[in-house]
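A.B. asks: Okay, handing you the structure first.
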Amino acid sequence: MNTIITGLQWGDEGKGKIVDYLTEDTDVVIRGQGGNNAGHTVIAKGTKYVLHLLPSGILWDNKINVIGNGVVCDPVGLCEEITRIEAQGISITPEKLLISERTHVVFPFHKELDAAREAALGDAKIGTTKRGIGPAYADKINRCGLRMADLLDRDFTTTTLERRITEANEVLAKFDLQTFEADDVIQEIYTAFERIRPHLANTIEVVHKAWKEGKTLLFEGAQGTLLDIDFGTYPFVTSSNTTAGGSCTGSGLPPTAIDSVIGVCKAYTTRVGAGPFPTGDEELSEYLHSLGREFGATTGRPRGCGWLDTVLLRFACMVNGVTGLAVTNVDGLDKYETLKICTGYDIDGTIHKLPPADRSFWDRAVPVYEEIDGWQSDTTGCTTYDQLPENAKAYLTRLGELCGAPIAFVGVGPDRTQTLVV
Ligand code: IMP
């Protein structure tokens with residue numbers, strides 16, 4: 001049984017936790033897109049792990065973890081992450097972590113170019129994580145990027161980087177941003193590369209072999225559907241296909257290898273960075289922040305919070321082909337008296353059941369809400385779906401109806417044991 005886990009909102013849905021839960025019965029965990037812009041928080045046996053590039057299966061002893069060809073990988077960031085996770089007692093061996101030779105490399109100047117683009121946009125900035133993701137993917141598409149396999153040829157890498165850094169410096173100088181010396185970049189990258197070099201592999205062969213042997217594969221999506229370069233709230237998106245299809249192009253496994261798609265969403269909605277957010281709600285944001293919830297794992301930024309938006313979720317279930325929903329953070333709504341669910345957008349008097357493509361429509365979208373009674377009791381101790389309060393079950397049932405997909409999992413807290421199977 002091969003499964004894709006995909007985010008249905010603007011990222012931060014709690015995918016790491018669901019992946020971690022499903023990993024027990026999985027042989028191979030694969031990341032197919034994004035980079036260290038992602039931040040997955042997993043709490044296992046009382047310890048908190050924050051993962052950016054490492055697939056969540058790394059926390060287990062007996063799983064293969066693959067950073068696929070569709071990922072953009074910052075070798076320096078990855079080394080820091082490996083060191084941090086190893087310091088928490090997790091061993092990261094070449095048998096356990098495999099990095100595709102085709103994975104594109106994020107260089108330090110990509111991060112500065114990310115900052116330069118944001119500065120150029122002024123008030124229209126995207127609010128990126130400044131991890132160099134957009135510029136690294138741009139180089140990939142422009143056919144001037146370097147892949148992990150290229151780093152094995154230091155002369156080739158040096159010549160290519162010298163040219164690329166000259167171009168990058170011209171842009172950076174215009175914004176008074178840090179410029180780079182090719183020698184320094186090469187030194188820094190190769191120090192990191194030496195640490196990760198034993199992990200390089202032809203991962204396409206590895207995942208195909210595992211598939212043919214009947215092993216169980218799990219694809220760990222990063223970010224969410226509304227940040228997808230094609231289906232998201234463009235241009236306020238990330239630079240990869242975060243939707244289910246990205247798992248296939250990002251790993252080399254064909255769509256015929258996929259058996260199920262678990263879509264992860266919160267029981268409410270959050271987003272970081274700029275861009276439209278029709279159900280955003282100040283009061284709910286303040287409330288959730290006061291509980292110490294909804295601060296970004298990668299940047300620490302407070303996330304904007306809002307009511308559940310089933311216009312977005314319906315669309316996300318469609319484009320991902322969701323076969324089961326995992327609804328996380330249900331406990332975040334425990335104390336609320338009345339909950340709101342957005343069922344449509346009123347745009348200039350017409351009710352839309354699916355999100356518009358035209359960016360100007362987003363600004364005029366007024367959510368149409370349905371109100372539901374809250375459950376006003378603590379769900380964090382529930383260990384089965386049946387133990388949930390009746391009103392919580394009613395809320396989840398309505399969510400499933402409006403999105404057209406069955407509920408498969410419910411999250412009532414950050415720990416591994418707080419994931420309920422429906
Ligand atoms: P970038 O991916 O750093 O280029 O940022 C583009 C947009 O995606 C910004 O709005 C970021 O806040 C958002 N973003 C990127 N990664 C994540 C994530 O893992 N969770 C939530 N938002 C993200």
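Every chain in the structure tokens has a letter given in the order shown (A, B, ...), and although residue numbers restart at 1 in each chain, ligands are simply numbered from 1 in the order shown.
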Which residues are near ligand 1 - at most 6 Å, using only C-alpha atoms and all ligand atoms? Format: as a PDB file with all heavy atoms, in the first residue's frame.

C.D. replies:
```pdb
ATOM      1  N   TRP A  10      -2.613  25.914   3.573  1.00  0.00           N
ATOM      2  CA  TRP A  10      -1.397  26.673   3.237  1.00  0.00           C
ATOM      3  C   TRP A  10      -0.166  26.140   3.982  1.00  0.00           C
ATOM      4  O   TRP A  10       0.680  26.909   4.422  1.00  0.00           O
ATOM      5  CB  TRP A  10      -1.586  28.150   3.565  1.00  0.00           C
ATOM      6  CG  TRP A  10      -2.352  28.929   2.532  1.00  0.00           C
ATOM      7  CD1 TRP A  10      -1.904  29.332   1.310  1.00  0.00           C
ATOM      8  CD2 TRP A  10      -3.684  29.443   2.653  1.00  0.00           C
ATOM      9  NE1 TRP A  10      -2.879  30.046   0.660  1.00  0.00           N
ATOM     10  CE2 TRP A  10      -3.988  30.128   1.468  1.00  0.00           C
ATOM     11  CE3 TRP A  10      -4.661  29.378   3.652  1.00  0.00           C
ATOM     12  CZ2 TRP A  10      -5.205  30.753   1.235  1.00  0.00           C
ATOM     13  CZ3 TRP A  10      -5.876  29.997   3.427  1.00  0.00           C
ATOM     14  CH2 TRP A  10      -6.128  30.668   2.228  1.00  0.00           C
ATOM     15  N   GLY A  11      -0.092  24.843   4.148  1.00  0.00           N
ATOM     16  CA  GLY A  11       1.024  24.265   4.899  1.00  0.00           C
ATOM     17  C   GLY A  11       0.731  24.254   6.385  1.00  0.00           C
ATOM     18  O   GLY A  11      -0.320  24.752   6.827  1.00  0.00           O
ATOM     19  N   ASP A  12       1.647  23.644   7.151  1.00  0.00           N
ATOM     20  CA  ASP A  12       1.525  23.594   8.614  1.00  0.00           C
ATOM     21  C   ASP A  12       0.276  22.864   9.091  1.00  0.00           C
ATOM     22  O   ASP A  12      -0.236  23.153  10.170  1.00  0.00           O
ATOM     23  CB  ASP A  12       1.519  25.013   9.232  1.00  0.00           C
ATOM     24  CG  ASP A  12       2.687  25.847   8.741  1.00  0.00           C
ATOM     25  OD1 ASP A  12       3.774  25.285   8.620  1.00  0.00           O
ATOM     26  OD2 ASP A  12       2.496  27.046   8.494  1.00  0.00           O
ATOM     27  N   ASN A  37      12.408  25.094   3.518  1.00  0.00           N
ATOM     28  CA  ASN A  37      11.317  26.024   3.853  1.00  0.00           C
ATOM     29  C   ASN A  37      10.282  25.292   4.712  1.00  0.00           C
ATOM     30  O   ASN A  37       9.552  25.904   5.469  1.00  0.00           O
ATOM     31  CB  ASN A  37      10.657  26.602   2.593  1.00  0.00           C
ATOM     32  CG  ASN A  37      10.289  25.549   1.556  1.00  0.00           C
ATOM     33  OD1 ASN A  37      10.689  24.393   1.642  1.00  0.00           O
ATOM     34  ND2 ASN A  37       9.550  25.967   0.551  1.00  0.00           N
ATOM     35  N   ALA A  38      10.225  23.966   4.554  1.00  0.00           N
ATOM     36  CA  ALA A  38       9.253  23.180   5.319  1.00  0.00           C
ATOM     37  C   ALA A  38       9.703  23.059   6.770  1.00  0.00           C
ATOM     38  O   ALA A  38      10.895  23.104   7.060  1.00  0.00           O
ATOM     39  CB  ALA A  38       9.134  21.790   4.712  1.00  0.00           C
ATOM     40  N   GLY A  39       8.756  22.912   7.653  1.00  0.00           N
ATOM     41  CA  GLY A  39       9.087  22.688   9.057  1.00  0.00           C
ATOM     42  C   GLY A  39       8.087  21.711   9.634  1.00  0.00           C
ATOM     43  O   GLY A  39       6.923  22.035   9.774  1.00  0.00           O
ATOM     44  N   ILE A 126       6.055  38.396  -1.177  1.00  0.00           N
ATOM     45  CA  ILE A 126       5.387  37.105  -0.970  1.00  0.00           C
ATOM     46  C   ILE A 126       5.425  36.706   0.506  1.00  0.00           C
ATOM     47  O   ILE A 126       4.538  36.003   0.991  1.00  0.00           O
ATOM     48  CB  ILE A 126       6.100  35.989  -1.806  1.00  0.00           C
ATOM     49  CG1 ILE A 126       6.281  36.402  -3.270  1.00  0.00           C
ATOM     50  CG2 ILE A 126       5.402  34.639  -1.690  1.00  0.00           C
ATOM     51  CD1 ILE A 126       5.023  36.569  -4.059  1.00  0.00           C
ATOM     52  N   GLY A 127       6.455  37.161   1.210  1.00  0.00           N
ATOM     53  CA  GLY A 127       6.626  36.706   2.597  1.00  0.00           C
ATOM     54  C   GLY A 127       7.257  35.333   2.617  1.00  0.00           C
ATOM     55  O   GLY A 127       6.822  34.438   3.348  1.00  0.00           O
ATOM     56  N   THR A 128       8.294  35.118   1.812  1.00  0.00           N
ATOM     57  CA  THR A 128       8.931  33.792   1.722  1.00  0.00           C
ATOM     58  C   THR A 128       9.689  33.471   3.010  1.00  0.00           C
ATOM     59  O   THR A 128       9.898  34.350   3.860  1.00  0.00           O
ATOM     60  CB  THR A 128       9.951  33.721   0.559  1.00  0.00           C
ATOM     61  OG1 THR A 128      11.109  34.479   0.911  1.00  0.00           O
ATOM     62  CG2 THR A 128       9.374  34.236  -0.749  1.00  0.00           C
ATOM     63  N   THR A 129      10.136  32.242   3.103  1.00  0.00           N
ATOM     64  CA  THR A 129      10.911  31.825   4.273  1.00  0.00           C
ATOM     65  C   THR A 129      12.374  32.244   4.132  1.00  0.00           C
ATOM     66  O   THR A 129      13.192  31.960   5.014  1.00  0.00           O
ATOM     67  CB  THR A 129      10.842  30.293   4.450  1.00  0.00           C
ATOM     68  OG1 THR A 129      11.389  29.689   3.275  1.00  0.00           O
ATOM     69  CG2 THR A 129       9.417  29.808   4.655  1.00  0.00           C
ATOM     70  N   LYS A 130      12.729  32.864   3.007  1.00  0.00           N
ATOM     71  CA  LYS A 130      14.101  33.323   2.703  1.00  0.00           C
ATOM     72  C   LYS A 130      15.111  32.172   2.743  1.00  0.00           C
ATOM     73  O   LYS A 130      16.268  32.352   3.122  1.00  0.00           O
ATOM     74  CB  LYS A 130      14.535  34.435   3.660  1.00  0.00           C
ATOM     75  CG  LYS A 130      13.577  35.617   3.680  1.00  0.00           C
ATOM     76  CD  LYS A 130      14.295  36.934   3.470  1.00  0.00           C
ATOM     77  CE  LYS A 130      13.354  38.104   3.346  1.00  0.00           C
ATOM     78  NZ  LYS A 130      12.870  38.641   4.591  1.00  0.00           N
ATOM     79  N   ARG A 131      14.667  30.997   2.361  1.00  0.00           N
ATOM     80  CA  ARG A 131      15.561  29.834   2.303  1.00  0.00           C
ATOM     81  C   ARG A 131      16.117  29.628   0.891  1.00  0.00           C
ATOM     82  O   ARG A 131      16.730  28.610   0.620  1.00  0.00           O
ATOM     83  CB  ARG A 131      14.842  28.563   2.767  1.00  0.00           C
ATOM     84  CG  ARG A 131      14.362  28.586   4.206  1.00  0.00           C
ATOM     85  CD  ARG A 131      15.539  28.604   5.178  1.00  0.00           C
ATOM     86  NE  ARG A 131      15.117  28.399   6.553  1.00  0.00           N
ATOM     87  CZ  ARG A 131      14.707  29.363   7.374  1.00  0.00           C
ATOM     88  NH1 ARG A 131      14.663  30.612   6.969  1.00  0.00           N
ATOM     89  NH2 ARG A 131      14.343  29.078   8.613  1.00  0.00           N
ATOM     90  N   ILE A 133      14.422  29.130  -1.849  1.00  0.00           N
ATOM     91  CA  ILE A 133      13.671  28.095  -2.569  1.00  0.00           C
ATOM     92  C   ILE A 133      13.310  28.550  -3.996  1.00  0.00           C
ATOM     93  O   ILE A 133      13.586  27.838  -4.973  1.00  0.00           O
ATOM     94  CB  ILE A 133      12.386  27.720  -1.779  1.00  0.00           C
ATOM     95  CG1 ILE A 133      12.746  27.309  -0.346  1.00  0.00           C
ATOM     96  CG2 ILE A 133      11.559  26.677  -2.508  1.00  0.00           C
ATOM     97  CD1 ILE A 133      13.654  26.111  -0.209  1.00  0.00           C
ATOM     98  N   GLY A 134      12.705  29.741  -4.104  1.00  0.00           N
ATOM     99  CA  GLY A 134      12.282  30.229  -5.426  1.00  0.00           C
ATOM    100  C   GLY A 134      13.474  30.341  -6.380  1.00  0.00           C
ATOM    101  O   GLY A 134      13.448  29.785  -7.486  1.00  0.00           O
ATOM    102  N   ALA A 222       5.317  18.414   1.478  1.00  0.00           N
ATOM    103  CA  ALA A 222       5.671  19.613   2.249  1.00  0.00           C
ATOM    104  C   ALA A 222       4.797  20.764   1.747  1.00  0.00           C
ATOM    105  O   ALA A 222       4.284  20.725   0.634  1.00  0.00           O
ATOM    106  CB  ALA A 222       7.145  19.946   2.059  1.00  0.00           C
ATOM    107  N   GLN A 223       4.634  21.788   2.593  1.00  0.00           N
ATOM    108  CA  GLN A 223       3.727  22.911   2.317  1.00  0.00           C
ATOM    109  C   GLN A 223       2.307  22.382   2.063  1.00  0.00           C
ATOM    110  O   GLN A 223       1.986  21.309   2.536  1.00  0.00           O
ATOM    111  CB  GLN A 223       4.224  23.768   1.137  1.00  0.00           C
ATOM    112  CG  GLN A 223       5.486  24.547   1.437  1.00  0.00           C
ATOM    113  CD  GLN A 223       6.765  23.761   1.170  1.00  0.00           C
ATOM    114  OE1 GLN A 223       6.854  23.071   0.166  1.00  0.00           O
ATOM    115  NE2 GLN A 223       7.723  23.856   2.053  1.00  0.00           N
ATOM    116  N   LEU A 227      -0.415  26.510  -1.579  1.00  0.00           N
ATOM    117  CA  LEU A 227       0.917  27.063  -1.867  1.00  0.00           C
ATOM    118  C   LEU A 227       1.498  26.415  -3.125  1.00  0.00           C
ATOM    119  O   LEU A 227       2.644  26.690  -3.498  1.00  0.00           O
ATOM    120  CB  LEU A 227       1.861  26.834  -0.677  1.00  0.00           C
ATOM    121  CG  LEU A 227       1.583  27.664   0.576  1.00  0.00           C
ATOM    122  CD1 LEU A 227       2.457  27.200   1.733  1.00  0.00           C
ATOM    123  CD2 LEU A 227       1.825  29.151   0.316  1.00  0.00           C
ATOM    124  N   PHE A 236       1.217  34.194  -4.459  1.00  0.00           N
ATOM    125  CA  PHE A 236       1.572  33.968  -3.046  1.00  0.00           C
ATOM    126  C   PHE A 236       1.646  32.467  -2.771  1.00  0.00           C
ATOM    127  O   PHE A 236       0.810  31.906  -2.053  1.00  0.00           O
ATOM    128  CB  PHE A 236       0.567  34.682  -2.138  1.00  0.00           C
ATOM    129  CG  PHE A 236       0.544  36.162  -2.379  1.00  0.00           C
ATOM    130  CD1 PHE A 236      -0.457  36.754  -3.135  1.00  0.00           C
ATOM    131  CD2 PHE A 236       1.573  36.965  -1.886  1.00  0.00           C
ATOM    132  CE1 PHE A 236      -0.452  38.114  -3.385  1.00  0.00           C
ATOM    133  CE2 PHE A 236       1.577  38.332  -2.133  1.00  0.00           C
ATOM    134  CZ  PHE A 236       0.567  38.909  -2.891  1.00  0.00           C
ATOM    135  N   VAL A 237       2.614  31.851  -3.389  1.00  0.00           N
ATOM    136  CA  VAL A 237       2.765  30.392  -3.351  1.00  0.00           C
ATOM    137  C   VAL A 237       4.244  30.069  -3.193  1.00  0.00           C
ATOM    138  O   VAL A 237       5.099  30.960  -3.237  1.00  0.00           O
ATOM    139  CB  VAL A 237       2.243  29.765  -4.667  1.00  0.00           C
ATOM    140  CG1 VAL A 237       0.738  29.949  -4.806  1.00  0.00           C
ATOM    141  CG2 VAL A 237       2.963  30.357  -5.889  1.00  0.00           C
ATOM    142  N   THR A 238       4.546  28.792  -3.048  1.00  0.00           N
ATOM    143  CA  THR A 238       5.937  28.381  -3.078  1.00  0.00           C
ATOM    144  C   THR A 238       6.266  27.961  -4.519  1.00  0.00           C
ATOM    145  O   THR A 238       5.426  28.082  -5.405  1.00  0.00           O
ATOM    146  CB  THR A 238       6.222  27.283  -2.028  1.00  0.00           C
ATOM    147  OG1 THR A 238       7.630  27.091  -1.942  1.00  0.00           O
ATOM    148  CG2 THR A 238       5.535  25.964  -2.350  1.00  0.00           C
ATOM    149  N   VAL A 272       0.879  31.482   6.846  1.00  0.00           N
ATOM    150  CA  VAL A 272       1.953  32.445   7.109  1.00  0.00           C
ATOM    151  C   VAL A 272       2.320  33.091   5.779  1.00  0.00           C
ATOM    152  O   VAL A 272       1.953  32.600   4.732  1.00  0.00           O
ATOM    153  CB  VAL A 272       3.220  31.789   7.725  1.00  0.00           C
ATOM    154  CG1 VAL A 272       3.013  31.461   9.181  1.00  0.00           C
ATOM    155  CG2 VAL A 272       3.655  30.562   6.967  1.00  0.00           C
ATOM    156  N   GLY A 273       3.060  34.184   5.843  1.00  0.00           N
ATOM    157  CA  GLY A 273       3.400  34.874   4.600  1.00  0.00           C
ATOM    158  C   GLY A 273       2.202  35.692   4.139  1.00  0.00           C
ATOM    159  O   GLY A 273       1.167  35.744   4.805  1.00  0.00           O
ATOM    160  N   ALA A 274       2.374  36.340   2.988  1.00  0.00           N
ATOM    161  CA  ALA A 274       1.331  37.233   2.493  1.00  0.00           C
ATOM    162  C   ALA A 274       0.362  36.477   1.589  1.00  0.00           C
ATOM    163  O   ALA A 274       0.568  35.309   1.291  1.00  0.00           O
ATOM    164  CB  ALA A 274       1.985  38.384   1.738  1.00  0.00           C
TER     165      ALA A 274
END
```

A.B. asks: Using only C-alpha atoms, I'd like a table of the residues in segment 120-207 of chain A that come within 12 Å of segment 57-64 of chain A; for each, show the closest atom pair and its distance in Å rounded to one decimal, ordered by chain and ascending number, as a tab-separated table.

C.D. replies:
```
residue	atom	partner	partner_atom	distance
A:His199	CA	A:Ile64	CA	11.3
A:Thr203	CA	A:Ile64	CA	10.7
A:Val206	CA	A:Ile64	CA	9.7
A:Val207	CA	A:Ile64	CA	9.7
```

A.B. asks: Please identify which residues in segment 119-230 of chain A DSSP calls helix (DSSP H, G or I) from the backbone, and express them as a PyMOL selection string.

C.D. replies: chain A and resi 119-124+133-141+148-151+154-174+182-199+203-212+225-227

A.B. asks: Select, from A:Ser56, A:His104, A:Phe277, A:Asp123, the residue with the minimum atom-to-atom distance to Glu24 of chain A, counting only C-alpha atoms.

C.D. replies: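 Distance minimum relative to Glu24 of chain A lands on A:Ser56.
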
A.B. asks: Give me, as a ChimeraX atom specification, all polymer residues having an atom no more than 8 Å from segment 67-75 of chain A, counting only C-alpha atoms and skipping those fewer than 3 positions away in the same chain.

C.D. replies: /A:30-36,53-55,78-79,97-107,133,136-137,189,192-193,196,203,246,249-252

A.B. asks: Calculated over only C-alpha atoms, which of the candidates A:Asp183, A:Glu86, A:Ile18, A:Glu194 has the smallest distance to Val421 of chain A?

C.D. replies: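 Among the listed residues, A:Ile18 lies closest to Val421 of chain A.
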
A.B. asks: Excluding His208 of chain A and any residue of its chain fewer than 6 positions from it, enumerate the residues within 12 Å of it, using only C-alpha atoms, and give them as a PyMOL selection string.

C.D. replies: chain A and resi 2+28+202+214-217+248+251-254+256-257

A.B. asks: When distances are computed from only C-alpha atoms, which of A:Asp27, A:Gly381, A:Val66, A:Ile351 shows the smallest separation from Ile204 of chain A?

C.D. replies: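 Smallest distance to Ile204 of chain A is found for A:Val66.
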
A.B. asks: State, in Å with one decimal place, the distance from atom CA of Asp176 of chain A to atom CA of Pro108 of chain A.

C.D. replies: 15.9 Å

A.B. asks: If you run DSSP over the backbone, which residues in segment 127-294 of chain A end up strand (DSSP E)? Put them as an NGL selection string.

C.D. replies: :A and (200-201 or 217-220 or 260-266 or 269-271)

A.B. asks: Output N, CA and C atoms for every residue in the selection just made, as a PDB file, in the first residue's frame.

C.D. replies:
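Output (result_0.pdb):
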```
ATOM      1  N   LEU A 200      24.448  10.055  -0.991  1.00  0.00           N
ATOM      2  CA  LEU A 200      23.977  10.211  -2.381  1.00  0.00           C
ATOM      3  C   LEU A 200      23.700   8.842  -2.984  1.00  0.00           C
ATOM      4  N   ALA A 201      22.603   8.749  -3.726  1.00  0.00           N
ATOM      5  CA  ALA A 201      22.246   7.458  -4.324  1.00  0.00           C
ATOM      6  C   ALA A 201      21.369   7.687  -5.544  1.00  0.00           C
ATOM      7  N   LEU A 217       5.463   2.242   0.718  1.00  0.00           N
ATOM      8  CA  LEU A 217       6.102   3.547   0.511  1.00  0.00           C
ATOM      9  C   LEU A 217       5.160   4.654   0.984  1.00  0.00           C
ATOM     10  N   LEU A 218       5.761   5.652   1.602  1.00  0.00           N
ATOM     11  CA  LEU A 218       4.974   6.791   2.092  1.00  0.00           C
ATOM     12  C   LEU A 218       5.617   8.077   1.592  1.00  0.00           C
ATOM     13  N   PHE A 219       4.822   8.900   0.940  1.00  0.00           N
ATOM     14  CA  PHE A 219       5.328  10.172   0.421  1.00  0.00           C
ATOM     15  C   PHE A 219       4.935  11.283   1.378  1.00  0.00           C
ATOM     16  N   GLU A 220       5.924  12.021   1.814  1.00  0.00           N
ATOM     17  CA  GLU A 220       5.677  13.084   2.783  1.00  0.00           C
ATOM     18  C   GLU A 220       5.640  14.427   2.055  1.00  0.00           C
ATOM     19  N   SER A 260      -3.214   5.298  -2.289  1.00  0.00           N
ATOM     20  CA  SER A 260      -4.112   6.199  -1.569  1.00  0.00           C
ATOM     21  C   SER A 260      -3.461   7.554  -1.318  1.00  0.00           C
ATOM     22  N   VAL A 261      -4.325   8.549  -1.132  1.00  0.00           N
ATOM     23  CA  VAL A 261      -3.858   9.916  -0.878  1.00  0.00           C
ATOM     24  C   VAL A 261      -4.555  10.420   0.384  1.00  0.00           C
ATOM     25  N   ILE A 262      -3.764  10.638   1.428  1.00  0.00           N
ATOM     26  CA  ILE A 262      -4.323  11.185   2.667  1.00  0.00           C
ATOM     27  C   ILE A 262      -4.110  12.697   2.659  1.00  0.00           C
ATOM     28  N   GLY A 263      -5.212  13.433   2.706  1.00  0.00           N
ATOM     29  CA  GLY A 263      -5.142  14.898   2.726  1.00  0.00           C
ATOM     30  C   GLY A 263      -5.199  15.368   4.164  1.00  0.00           C
ATOM     31  N   VAL A 264      -4.235  16.181   4.560  1.00  0.00           N
ATOM     32  CA  VAL A 264      -4.187  16.646   5.952  1.00  0.00           C
ATOM     33  C   VAL A 264      -4.653  18.101   6.028  1.00  0.00           C
ATOM     34  N   CYS A 265      -5.569  18.359   6.941  1.00  0.00           N
ATOM     35  CA  CYS A 265      -6.000  19.748   7.167  1.00  0.00           C
ATOM     36  C   CYS A 265      -6.185  19.949   8.664  1.00  0.00           C
ATOM     37  N   LYS A 266      -6.120  21.213   9.059  1.00  0.00           N
ATOM     38  CA  LYS A 266      -6.444  21.531  10.448  1.00  0.00           C
ATOM     39  C   LYS A 266      -7.965  21.642  10.580  1.00  0.00           C
ATOM     40  N   THR A 269      -8.192  27.039   9.859  1.00  0.00           N
ATOM     41  CA  THR A 269      -7.270  27.346   8.762  1.00  0.00           C
ATOM     42  C   THR A 269      -6.150  28.251   9.276  1.00  0.00           C
ATOM     43  N   THR A 270      -4.920  28.056   8.793  1.00  0.00           N
ATOM     44  CA  THR A 270      -3.845  29.009   9.124  1.00  0.00           C
ATOM     45  C   THR A 270      -3.049  29.315   7.871  1.00  0.00           C
ATOM     46  N   ARG A 271      -2.375  30.469   7.891  1.00  0.00           N
ATOM     47  CA  ARG A 271      -1.406  30.745   6.822  1.00  0.00           C
ATOM     48  C   ARG A 271      -0.341  31.696   7.322  1.00  0.00           C
TER      49      ARG A 271
END
```

A.B. asks: Atom CA of Glu95 of chain A and atom CA of Asn65 of chain A, how far apart in Å?

C.D. replies: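 Pair atom CA of Asn65 of chain A / atom CA of Glu95 of chain A returns 8.7 Å.
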
A.B. asks: Might you pull out every residue within 12 Å of Asp415 of chain A, with only C-alpha atoms counted and same-chain residues fewer than 4 positions away left off, and present them as a short mmCIF file (atom, residue, chain, number, x, y, z; two decimals) with N, CA, C and O atoms, in the first residue's frame?

C.D. replies:
```cif
data_model
loop_
_atom_site.label_atom_id
_atom_site.label_comp_id
_atom_site.auth_asym_id
_atom_site.auth_seq_id
_atom_site.Cartn_x
_atom_site.Cartn_y
_atom_site.Cartn_z
N GLY A 14 0.07 19.84 9.99
CA GLY A 14 0.38 18.75 10.93
C GLY A 14 0.67 17.45 10.18
O GLY A 14 0.46 16.35 10.71
N GLY A 16 3.54 16.17 9.41
CA GLY A 16 4.65 15.42 10.01
C GLY A 16 4.14 14.39 11.01
O GLY A 16 4.60 13.26 11.06
N LYS A 17 3.14 14.81 11.77
CA LYS A 17 2.57 13.94 12.80
C LYS A 17 1.85 12.74 12.16
O LYS A 17 1.99 11.60 12.62
N ILE A 18 1.11 13.00 11.10
CA ILE A 18 0.39 11.92 10.43
C ILE A 18 1.39 10.99 9.73
O ILE A 18 1.26 9.76 9.79
N ASP A 20 4.45 10.51 10.65
CA ASP A 20 5.11 9.77 11.72
C ASP A 20 4.23 8.62 12.20
O ASP A 20 4.70 7.50 12.40
N TYR A 21 2.95 8.89 12.32
CA TYR A 21 2.01 7.86 12.77
C TYR A 21 1.98 6.69 11.78
O TYR A 21 2.03 5.53 12.16
N THR A 41 7.03 19.47 12.76
CA THR A 41 7.26 19.21 14.19
C THR A 41 6.66 17.85 14.53
O THR A 41 5.50 17.61 14.26
N VAL A 42 7.48 16.99 15.08
CA VAL A 42 6.99 15.67 15.49
C VAL A 42 7.35 15.49 16.96
O VAL A 42 8.48 15.76 17.37
N ILE A 43 6.36 15.07 17.75
CA ILE A 43 6.64 14.79 19.16
C ILE A 43 6.52 13.28 19.36
O ILE A 43 5.47 12.70 19.09
N ALA A 44 7.62 12.66 19.72
CA ALA A 44 7.61 11.22 19.93
C ALA A 44 8.24 10.91 21.28
O ALA A 44 9.31 11.43 21.60
N LYS A 45 7.54 10.10 22.05
CA LYS A 45 7.96 9.73 23.40
C LYS A 45 8.37 10.97 24.21
O LYS A 45 9.42 11.00 24.84
N GLY A 46 7.58 12.02 24.09
CA GLY A 46 7.80 13.23 24.88
C GLY A 46 8.90 14.14 24.36
O GLY A 46 9.11 15.22 24.89
N THR A 47 9.61 13.75 23.30
CA THR A 47 10.67 14.60 22.76
C THR A 47 10.17 15.29 21.49
O THR A 47 9.52 14.67 20.65
N LYS A 48 10.51 16.59 21.39
CA LYS A 48 10.07 17.35 20.21
C LYS A 48 11.20 17.40 19.18
O LYS A 48 12.34 17.74 19.52
N TYR A 49 10.89 17.03 17.95
CA TYR A 49 11.86 17.09 16.86
C TYR A 49 11.33 18.04 15.80
O TYR A 49 10.16 17.95 15.41
N THR A 328 -6.42 17.59 11.83
CA THR A 328 -5.56 17.76 13.00
C THR A 328 -5.99 18.97 13.84
O THR A 328 -6.83 19.76 13.41
N ASN A 329 -5.41 19.10 15.01
CA ASN A 329 -5.63 20.27 15.87
C ASN A 329 -7.09 20.49 16.27
O ASN A 329 -7.49 21.63 16.52
N THR A 380 -8.21 16.35 24.43
CA THR A 380 -6.81 15.87 24.33
C THR A 380 -6.59 14.48 24.93
O THR A 380 -5.63 13.81 24.59
N GLY A 381 -7.52 14.06 25.81
CA GLY A 381 -7.37 12.74 26.43
C GLY A 381 -8.08 11.64 25.65
O GLY A 381 -7.99 10.47 26.01
N THR A 383 -8.81 8.76 23.23
CA THR A 383 -7.91 7.81 22.57
C THR A 383 -8.61 7.06 21.44
O THR A 383 -7.97 6.33 20.69
N GLY A 411 -6.68 14.39 14.79
CA GLY A 411 -5.60 14.72 15.73
C GLY A 411 -6.13 15.57 16.87
O GLY A 411 -6.81 16.56 16.65
N THR A 419 -3.39 10.61 17.93
CA THR A 419 -3.93 10.50 16.58
C THR A 419 -4.97 9.39 16.59
O THR A 419 -4.63 8.23 16.86
N LEU A 420 -6.22 9.75 16.33
CA LEU A 420 -7.31 8.77 16.41
C LEU A 420 -7.62 8.24 15.02
O LEU A 420 -7.71 9.01 14.06
#
```

A.B. asks: Could you name the residues that touch Ala115 of chain A at 10 Å or less, counting only C-alpha atoms, but leaving out those on the same chain fewer than 3 positions away, as a list of chain:residue names?

C.D. replies: A:Phe109, A:His110, A:Lys111, A:Glu112, A:Glu118, A:Ala119, A:Ala120, A:Leu121, A:Lys125, A:Gly127, A:Thr128, A:Thr129, A:Lys130, A:Arg131, A:Gly132, A:Pro135, A:Leu172, A:Phe175, A:Leu177

A.B. asks: Under the rule that only C-alpha atoms are counted, which of A:Val76, A:Ile407, A:Leu308, A:Ala326 is the nearest residue to Lys15 of chain A?

C.D. replies: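 Smallest separation from Lys15 of chain A among the options: A:Ala326.
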
A.B. asks: Would you mind telling me which residue in A:Thr83, A:Ser377, A:Thr350, A:Thr323 lies nearest to Lys335 of chain A when using only C-alpha atoms?

C.D. replies: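 That would be A:Ser377, the residue with the smallest distance to Lys335 of chain A.
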
A.B. asks: What is the distance, in Å and to one decimal place, between atom CA of Asp348 of chain A and atom CA of Ala365 of chain A?

C.D. replies: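 So the two atoms, atom CA of Asp348 of chain A and atom CA of Ala365 of chain A, lie 7.9 Å apart.
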